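Peer 1: Next comes upload_15.csv, CSV, C-alpha atoms and all ligand atoms:
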```
chain,number,residue,atom,x,y,z
V,1,MET,CA,-3.0,11.9,6.6
V,2,SER,CA,0.8,11.4,6.3
V,3,GLY,CA,1.6,13.3,9.4
V,4,GLU,CA,-1.1,11.4,11.3
V,5,THR,CA,0.3,8.1,10.1
V,6,ARG,CA,3.9,9.1,11.0
V,7,ALA,CA,2.9,9.6,14.6
V,8,LEU,CA,1.8,6.0,14.7
V,9,LYS,CA,3.6,3.5,16.7
V,10,ARG,CA,1.0,0.9,15.7
V,11,PRO,CA,1.4,-1.0,12.5
V,12,VAL,CA,-0.5,0.1,9.3
V,13,LEU,CA,-3.0,-2.6,8.2
V,14,ALA,CA,-4.0,-2.2,4.6
V,15,GLY,CA,-6.5,-4.1,2.4
V,16,ASN,CA,-6.2,-4.0,-1.4
V,17,TRP,CA,-9.4,-5.3,-2.7
V,18,LYS,CA,-8.2,-5.4,-6.4
V,19,MET,CA,-11.1,-6.0,-8.8
V,20,HIS,CA,-13.6,-7.2,-6.1
V,21,GLN,CA,-16.4,-5.8,-4.0
V,22,SER,CA,-19.3,-3.9,-5.6
V,23,PRO,CA,-20.9,-0.9,-3.8
V,24,ASP,CA,-23.4,-3.3,-2.1
V,25,GLU,CA,-20.7,-5.7,-1.1
V,26,THR,CA,-18.6,-2.8,0.2
V,27,ARG,CA,-21.5,-1.6,2.4
V,28,ARG,CA,-22.0,-5.2,3.8
V,29,PHE,CA,-18.2,-5.5,4.4
V,30,PHE,CA,-18.1,-2.4,6.5
V,31,ASP,CA,-21.3,-3.2,8.4
V,32,ALA,CA,-19.7,-6.5,9.5
V,33,PHE,CA,-16.1,-5.3,9.8
V,34,LEU,CA,-16.3,-2.0,11.7
V,35,PRO,CA,-17.8,-3.5,14.9
V,36,MET,CA,-15.1,-6.2,14.9
V,37,ALA,CA,-12.2,-3.8,14.4
V,38,GLU,CA,-11.4,-2.0,17.6
V,39,ALA,CA,-11.0,1.7,16.9
V,40,ALA,CA,-7.4,2.6,16.8
V,41,ASP,CA,-5.1,5.5,15.8
V,42,THR,CA,-6.0,7.7,12.9
V,43,GLY,CA,-5.1,6.0,9.6
V,44,SER,CA,-4.0,2.7,11.0
V,45,ILE,CA,-6.5,0.8,8.8
V,46,LEU,CA,-6.4,1.5,5.1
V,47,ILE,CA,-8.8,0.1,2.5
V,48,PHE,CA,-8.3,0.3,-1.2
V,49,PRO,CA,-11.7,-0.6,-2.9
V,50,PRO,CA,-12.2,-0.6,-6.7
V,51,ALA,CA,-13.0,3.0,-7.8
V,52,VAL,CA,-16.7,2.3,-8.3
V,53,SER,CA,-17.0,1.5,-4.6
V,54,LEU,CA,-14.9,4.4,-3.4
V,55,ALA,CA,-17.8,6.7,-2.5
V,56,THR,CA,-19.6,3.9,-0.6
V,57,ALA,CA,-16.5,3.0,1.3
V,58,VAL,CA,-15.9,6.7,2.2
V,59,GLN,CA,-19.5,7.1,3.4
V,60,ALA,CA,-19.4,3.8,5.4
V,61,THR,CA,-16.3,4.8,7.3
V,62,ARG,CA,-17.0,8.5,7.9
V,63,ASP,CA,-17.3,8.1,11.7
V,64,ARG,CA,-14.1,6.1,12.0
V,65,ARG,CA,-10.9,8.3,12.0
V,66,ASP,CA,-8.8,5.2,12.1
V,67,VAL,CA,-10.0,3.9,8.8
V,68,LEU,CA,-8.9,5.7,5.6
V,69,ILE,CA,-9.9,4.9,2.1
V,70,GLY,CA,-7.6,5.0,-1.0
V,71,VAL,CA,-7.6,4.2,-4.7
V,72,GLN,CA,-5.7,1.4,-6.3
V,73,ASN,CA,-4.2,3.6,-9.1
V,74,VAL,CA,-4.2,7.1,-10.6
V,75,TYR,CA,-3.2,8.6,-13.9
V,76,TRP,CA,-0.6,11.4,-13.5
V,77,GLU,CA,-2.4,14.1,-15.5
V,78,PRO,CA,-4.9,16.2,-13.4
V,79,GLU,CA,-7.6,16.1,-16.0
V,80,GLY,CA,-8.2,15.8,-19.7
V,81,ALA,CA,-9.1,13.4,-22.5
V,82,PHE,CA,-7.8,10.1,-20.9
V,83,THR,CA,-10.8,7.8,-21.2
V,84,GLY,CA,-11.0,5.2,-18.5
V,85,GLU,CA,-8.5,6.9,-16.2
V,86,ILE,CA,-8.9,8.6,-12.8
V,87,SER,CA,-6.7,11.5,-11.7
V,88,ALA,CA,-5.3,12.1,-8.3
V,89,PRO,CA,-7.4,15.3,-7.8
V,90,LEU,CA,-10.6,13.4,-8.9
V,91,ALA,CA,-9.8,10.6,-6.4
V,92,ALA,CA,-9.2,13.2,-3.6
V,93,ALA,CA,-12.4,15.0,-4.4
V,94,ALA,CA,-14.3,11.7,-4.1
V,95,GLY,CA,-12.8,11.2,-0.6
V,96,ALA,CA,-9.7,9.1,-1.2
V,97,ARG,CA,-6.9,9.9,1.2
V,98,LEU,CA,-4.3,7.6,-0.4
V,99,ALA,CA,-3.3,5.8,-3.6
V,100,LEU,CA,-1.4,2.7,-4.3
V,101,VAL,CA,1.3,3.3,-6.9
V,102,GLY,CA,3.2,0.7,-8.8
V,103,HIS,CA,1.4,-2.3,-7.5
V,104,SER,CA,3.0,-5.4,-9.2
V,105,GLU,CA,-0.2,-6.1,-11.2
V,106,ARG,CA,0.1,-2.5,-12.6
V,107,ARG,CA,3.7,-3.1,-13.4
V,108,HIS,CA,3.4,-6.7,-14.8
V,109,VAL,CA,-0.1,-6.9,-16.2
V,110,PHE,CA,-0.4,-3.3,-17.5
V,111,GLY,CA,3.2,-2.5,-18.3
V,112,GLU,CA,3.6,0.4,-15.8
V,113,THR,CA,7.3,1.6,-15.8
V,114,ASP,CA,9.5,3.1,-13.1
V,115,PRO,CA,9.1,6.6,-14.7
V,116,ASP,CA,5.3,6.1,-14.7
V,117,THR,CA,5.4,5.4,-11.0
V,118,ALA,CA,7.5,8.5,-10.4
V,119,ARG,CA,4.9,10.6,-12.2
V,120,LYS,CA,2.1,9.1,-10.3
V,121,VAL,CA,3.7,9.7,-7.0
V,122,GLN,CA,4.2,13.3,-7.9
V,123,ALA,CA,0.6,13.6,-9.0
V,124,CYS,CA,-0.6,12.1,-5.7
V,125,LEU,CA,1.5,14.5,-3.6
V,126,ALA,CA,0.3,17.5,-5.6
V,127,ALA,CA,-3.3,16.5,-5.0
V,128,GLY,CA,-2.8,15.8,-1.3
V,129,LEU,CA,-3.1,12.0,-1.6
V,130,THR,CA,-0.6,9.8,0.4
V,131,PRO,CA,1.1,7.5,-2.1
V,132,VAL,CA,1.8,3.9,-1.1
V,133,LEU,CA,4.6,3.0,-3.4
V,134,CYS,CA,4.7,-0.8,-4.1
V,135,VAL,CA,8.0,-2.4,-4.9
V,136,GLY,CA,9.1,-6.0,-5.2
V,137,GLU,CA,11.1,-8.5,-7.3
V,138,THR,CA,9.9,-11.4,-9.4
V,139,LEU,CA,10.8,-15.0,-8.7
V,140,ASP,CA,13.4,-15.0,-11.6
V,141,GLU,CA,14.9,-11.8,-10.2
V,142,ARG,CA,15.1,-13.4,-6.7
V,143,GLU,CA,16.7,-16.6,-8.0
V,144,ALA,CA,19.2,-14.6,-10.0
V,145,GLY,CA,20.3,-12.9,-6.8
V,146,SER,CA,19.1,-9.5,-8.0
V,147,ALA,CA,16.1,-8.9,-5.6
V,148,ALA,CA,17.7,-6.0,-3.7
V,149,THR,CA,19.0,-4.4,-6.9
V,150,VAL,CA,15.5,-4.4,-8.5
V,151,VAL,CA,13.8,-3.0,-5.4
V,152,LYS,CA,16.4,-0.3,-5.1
V,153,ARG,CA,16.0,0.6,-8.8
V,154,GLN,CA,12.2,0.9,-8.2
V,155,LEU,CA,12.7,3.0,-5.2
V,156,SER,CA,15.3,5.3,-6.6
V,157,ALA,CA,13.2,6.0,-9.7
V,158,VAL,CA,10.7,7.7,-7.4
V,159,LEU,CA,13.0,9.0,-4.6
V,160,ASP,CA,15.3,10.8,-7.1
V,161,THR,CA,12.4,13.0,-8.0
V,162,LEU,CA,11.4,13.9,-4.5
V,163,SER,CA,12.6,16.4,-1.9
V,164,SER,CA,13.1,14.8,1.6
V,165,ALA,CA,10.0,16.7,2.8
V,166,ASP,CA,8.0,14.9,0.0
V,167,ALA,CA,9.7,11.6,0.7
V,168,ARG,CA,8.4,11.8,4.3
V,169,ARG,CA,4.8,11.6,2.9
V,170,LEU,CA,5.3,8.2,1.3
V,171,LEU,CA,4.5,4.8,2.6
V,172,ILE,CA,6.3,1.9,1.0
V,173,ALA,CA,5.0,-1.6,0.5
V,174,TYR,CA,7.4,-4.4,-0.2
V,175,GLU,CA,5.6,-7.1,-2.1
V,176,PRO,CA,7.7,-9.9,-3.6
V,177,VAL,CA,5.8,-10.8,-6.8
V,178,TRP,CA,6.2,-14.5,-6.2
V,179,ALA,CA,4.3,-14.2,-2.9
V,180,ILE,CA,1.3,-12.3,-4.3
V,181,GLY,CA,-1.9,-14.3,-4.6
V,182,THR,CA,0.2,-17.5,-4.6
V,183,GLY,CA,-0.2,-18.7,-1.0
V,184,ARG,CA,3.6,-18.5,-0.8
V,185,THR,CA,4.6,-16.0,1.8
V,186,ALA,CA,8.0,-14.6,2.4
V,187,SER,CA,9.3,-15.9,5.7
V,188,PRO,CA,9.4,-13.2,8.4
V,189,SER,CA,13.2,-13.3,8.1
V,190,ASP,CA,13.1,-12.9,4.3
V,191,ALA,CA,10.7,-10.0,4.7
V,192,SER,CA,12.7,-8.4,7.4
V,193,GLU,CA,15.9,-8.8,5.5
V,194,MET,CA,14.5,-6.8,2.5
V,195,HIS,CA,12.8,-4.3,4.8
V,196,LEU,CA,16.2,-3.6,6.4
V,197,GLU,CA,17.8,-3.2,2.9
V,198,ILE,CA,15.0,-0.8,2.0
V,199,ARG,CA,15.5,1.2,5.3
V,200,SER,CA,19.2,1.6,4.7
V,201,PHE,CA,18.6,2.6,1.1
V,202,LEU,CA,16.1,5.2,2.4
V,203,VAL,CA,18.7,6.5,4.9
V,204,GLU,CA,21.3,6.9,2.0
V,205,SER,CA,18.8,8.6,-0.2
V,206,THR,CA,16.8,10.8,2.2
V,207,GLY,CA,18.7,10.9,5.5
V,208,ARG,CA,18.1,9.0,8.8
V,209,GLU,CA,15.2,11.2,10.1
V,210,THR,CA,13.1,10.9,6.9
V,211,ALA,CA,14.0,7.2,6.5
V,212,ASP,CA,12.8,6.4,10.0
V,213,ALA,CA,9.5,8.2,9.4
V,214,ILE,CA,8.5,6.1,6.3
V,215,PRO,CA,6.4,3.0,7.2
V,216,ILE,CA,7.4,-0.1,5.2
V,217,LEU,CA,4.6,-2.6,4.8
V,218,TYR,CA,4.9,-6.2,3.8
V,219,GLY,CA,2.5,-7.7,1.3
V,220,GLY,CA,2.1,-11.2,-0.3
V,221,SER,CA,-0.3,-13.9,0.9
V,222,VAL,CA,-0.7,-12.3,4.4
V,223,LYS,CA,-3.4,-14.2,6.3
V,224,PRO,CA,-4.7,-14.3,9.8
V,225,GLU,CA,-2.4,-17.3,10.5
V,226,ASN,CA,0.9,-15.5,9.6
V,227,ALA,CA,0.1,-11.8,10.2
V,228,ALA,CA,1.3,-11.6,13.8
V,229,GLU,CA,4.6,-13.2,13.0
V,230,LEU,CA,5.2,-11.0,10.0
V,231,LEU,CA,4.2,-7.9,12.0
V,232,SER,CA,6.6,-8.7,14.7
V,233,ALA,CA,9.6,-9.0,12.3
V,234,PRO,CA,12.1,-6.2,12.6
V,235,ASP,CA,11.4,-3.2,10.3
V,236,VAL,CA,8.0,-4.5,9.2
V,237,ASN,CA,5.7,-1.6,10.0
V,238,GLY,CA,2.5,-3.0,8.6
V,239,VAL,CA,0.9,-5.3,6.0
V,240,LEU,CA,-0.8,-4.9,2.6
V,241,VAL,CA,-3.3,-7.7,2.3
V,242,GLY,CA,-5.1,-8.8,-0.9
V,243,GLY,CA,-7.2,-11.9,-0.8
V,244,ALA,CA,-7.5,-12.1,3.0
V,245,SER,CA,-8.8,-8.5,3.2
V,246,LEU,CA,-12.0,-9.4,1.3
V,247,GLN,CA,-13.8,-11.1,4.2
V,248,PRO,CA,-14.6,-9.0,7.3
V,249,ASP,CA,-13.7,-11.7,9.8
V,250,SER,CA,-10.3,-12.5,8.2
V,251,PHE,CA,-9.3,-8.9,7.8
V,252,ALA,CA,-10.5,-8.1,11.4
V,253,ALA,CA,-8.3,-11.0,12.6
V,254,ILE,CA,-5.3,-9.5,10.8
V,255,CYS,CA,-6.0,-6.1,12.3
V,256,ALA,CA,-6.2,-7.7,15.8
V,257,ALA,CA,-2.8,-9.3,15.1
V,258,GLY,CA,-1.4,-5.7,14.8
A,1,LIG,P1,-2.4,-11.2,-1.7
A,1,LIG,O1,-2.2,-9.8,-2.4
A,1,LIG,O2,-2.5,-10.9,-0.2
A,1,LIG,O3,-3.7,-11.8,-2.2
A,1,LIG,O4,-1.2,-12.0,-2.0
A,1,LIG,C1,-1.4,-8.8,-1.9
A,1,LIG,C2,-1.3,-7.6,-2.8
A,1,LIG,O5,-1.3,-7.8,-4.0
A,1,LIG,O6,-1.3,-6.4,-2.4
```
Will you turn the file into structure tokens for me?
Ligand code: PGA

Peer 2:
Amino acid sequence: MSGETRALKRPVLAGNWKMHQSPDETRRFFDAFLPMAEAADTGSILIFPPAVSLATAVQATRDRRDVLIGVQNVYWEPEGAFTGEISAPLAAAAGARLALVGHSERRHVFGETDPDTARKVQACLAAGLTPVLCVGETLDEREAGSAATVVKRQLSAVLDTLSSADARRLLIAYEPVWAIGTGRTASPSDASEMHLEIRSFLVESTGRETADAIPILYGGSVKPENAAELLSAPDVNGVLVGGASLQPDSFAAICAAG
């Protein structure tokens, strides 16, 4: 899907359902959401359900090329004795087209490291899944003035392991940890400032052409009320939405803001 997404001029509208939505709830969500969301370009709407609802989500959206389904995490080995884990090839075989990698909850609740994220991105690319690499600083890091340094460290851990052809297949989500699930949103100018930093860092690491092809999404308390403003900020190419993606009407309102 990466090539398809790259051709997009429209923003990428992504919903991360975290540990919510059973298969039945997933079916009900799409029954209500799909008629409300105007069909758009391929891959402009991305939904990341919990793995148990992946098959239901894939099935429910099979007639909508604009809606693609992803997983919230993968393990980097392709198969083996790793109880409780899902590999990138297994996710792809079940219909996932993308995977979140390095979400702040993976990093801060489950101890995922920068080298782990690099391995996971490699595993996704090898399996044909588009990785959505999530980066972002904590409140302490922001207050210490090290937000950009932290984000660049998280990015270079992955970019240093990729060719520029592979880097072109990434999406990046900037999600300041202090704005996730807290109701505290970065202002459009805060978001834009970091997105510009990320874009220039991408130019340094991968060259202008690749850097310009990588969508940078903003995430952290995105809601129908603030989506349009965030989406119109310079260098914000989409949003990754948690809480407000769980209700069909609020996620449809965010999609309409795109
Ligand atoms: P939130 O979550 O929109 O509920 O803040 C965003 C995310 O964690 O991706």

Peer 1: Can you tell me, as number ranges by chain, what residues are no more than 10 Å from V:Ala186 when counting only C-alpha atoms, ignoring any on the same chain fewer than 4 positions away?

Peer 2: V: 175-176, 178-180, 190-192, 218-222, 230

Peer 1: What does the structure give for the distance between atom CA of V:Glu204 and atom CA of V:Val236, in Å to one decimal?

Peer 2: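 That distance, rounded to one decimal, is 18.9 Å.
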
Peer 1: Return as a ChimeraX atom specification the residues of protein, DNA or RNA that approach ligand LIG 1 (chain A) to within 10 Å, with all atoms listed in the file taken into account.

Peer 2: /V:14-18,48,72,100,103-105,134,173-185,218-223,239-246

Peer 1: Could you list, as a PDB file with C-alpha atoms, keeping the file's coordinate frame, every residue within 6 Å of stretch 85-88 of chain V, counting all atoms listed in the file and ignoring same-chain residues fewer than 5 positions away?

Peer 2:
```pdb
ATOM      1  CA  VAL V  74      -4.200   7.100 -10.600  1.00  0.00           C
ATOM      2  CA  TYR V  75      -3.200   8.600 -13.900  1.00  0.00           C
ATOM      3  CA  PRO V  78      -4.900  16.200 -13.400  1.00  0.00           C
ATOM      4  CA  CYS V 124      -0.600  12.100  -5.700  1.00  0.00           C
ATOM      5  CA  ALA V 127      -3.300  16.500  -5.000  1.00  0.00           C
TER       6      ALA V 127
END
```

Peer 1: Rounded to one decimal, what separation in Å do you get between atom CA of V:His195 and atom CA of V:Thr161?

Peer 2: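 Between these atoms lies a distance of 21.5 Å.
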
Peer 1: Can you list, as a ChimeraX atom specification, every protein, DNA or RNA residue that comes within 12 Å of V:Pro115 when you count only C-alpha atoms, leaving out same-chain residues fewer than 6 positions away?

Peer 2: /V:76,101-102,107,121-122,153-161

Peer 1: So that I can check the surroundings of V:Leu129, please list as a VMD selection string every protein, DNA and RNA residue that reaches within 8 Å of it, counting only C-alpha atoms and ignoring chain neighbours fewer than 5 positions away.

Peer 2: chain V and resid 88 92 96 to 99 124

Peer 1: Would you export the selected residues with C-alpha atoms as a PDB file, in the frame of the given file, please?

Peer 2:
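Ended up saving to out.pdb:
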```
ATOM      1  CA  ALA V  88      -5.300  12.100  -8.300  1.00  0.00           C
ATOM      2  CA  ALA V  92      -9.200  13.200  -3.600  1.00  0.00           C
ATOM      3  CA  ALA V  96      -9.700   9.100  -1.200  1.00  0.00           C
ATOM      4  CA  ARG V  97      -6.900   9.900   1.200  1.00  0.00           C
ATOM      5  CA  LEU V  98      -4.300   7.600  -0.400  1.00  0.00           C
ATOM      6  CA  ALA V  99      -3.300   5.800  -3.600  1.00  0.00           C
ATOM      7  CA  CYS V 124      -0.600  12.100  -5.700  1.00  0.00           C
TER       8      CYS V 124
END
```

Peer 1: From the set V:Ser189, V:Ser164, V:Ser53, V:Gln247, which residue has the shortest atom-to-atom contact distance to V:Glu209, counting only C-alpha atoms?

Peer 2: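 Between V:Ser189, V:Ser164, V:Ser53, V:Gln247, the residue approaching V:Glu209 most closely is V:Ser164.
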
Peer 1: Rounded to one decimal in Å, what is the spacing between atom CA of V:Phe30 and atom CA of V:Leu170?

Peer 2: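 These atoms are spaced 26.2 Å apart.
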
Peer 1: Within 10 Å of V:Pro23, counting all atoms listed in the file, which residues show up once you throw out same-chain ones fewer than 5 positions away? Write them as a list in words, please.

Peer 2: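 Result of the neighbour search: Arg28, Phe29, Pro49, Pro50, Ala51, Val52, Ser53, Leu54, Ala55, Thr56 and Ala57 of chain V.
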
Peer 1: Kindly save the residues from that selection, with C-alpha atoms included, as a PDB file, in the coordinates of the input.

Peer 2:
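Below you can see result.pdb, which holds the result:
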```pdb
ATOM      1  CA  ARG V  28     -22.000  -5.200   3.800  1.00  0.00           C
ATOM      2  CA  PHE V  29     -18.200  -5.500   4.400  1.00  0.00           C
ATOM      3  CA  PRO V  49     -11.700  -0.600  -2.900  1.00  0.00           C
ATOM      4  CA  PRO V  50     -12.200  -0.600  -6.700  1.00  0.00           C
ATOM      5  CA  ALA V  51     -13.000   3.000  -7.800  1.00  0.00           C
ATOM      6  CA  VAL V  52     -16.700   2.300  -8.300  1.00  0.00           C
ATOM      7  CA  SER V  53     -17.000   1.500  -4.600  1.00  0.00           C
ATOM      8  CA  LEU V  54     -14.900   4.400  -3.400  1.00  0.00           C
ATOM      9  CA  ALA V  55     -17.800   6.700  -2.500  1.00  0.00           C
ATOM     10  CA  THR V  56     -19.600   3.900  -0.600  1.00  0.00           C
ATOM     11  CA  ALA V  57     -16.500   3.000   1.300  1.00  0.00           C
TER      12      ALA V  57
END
```

Peer 1: Taking the point (-6.1, -11.4, 8.4) as given in the file, collect each protein or nucleic acid residue that comes within 9 Å of it, counting only C-alpha atoms, and present the set as a PyMOL selection string.

Peer 2: chain V and resi 222-227+241+244-245+247-257

Peer 1: Counting all atoms listed in the file, which of V:Leu34, V:Ile198, V:Ala144, V:Ala233 gets nearest to V:Asp66?

Peer 2: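 Nearest candidate to V:Asp66 out of V:Leu34, V:Ile198, V:Ala144, V:Ala233: V:Leu34.
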
Peer 1: Just give me the residues with any atom within 12 Å of (11.6, 11.8, 2.1), file coordinates, counting only C-alpha atoms, written as an NGL selection string.

Peer 2: :V and (2 or 125 or 155-156 or 158-172 or 199 or 201-215)
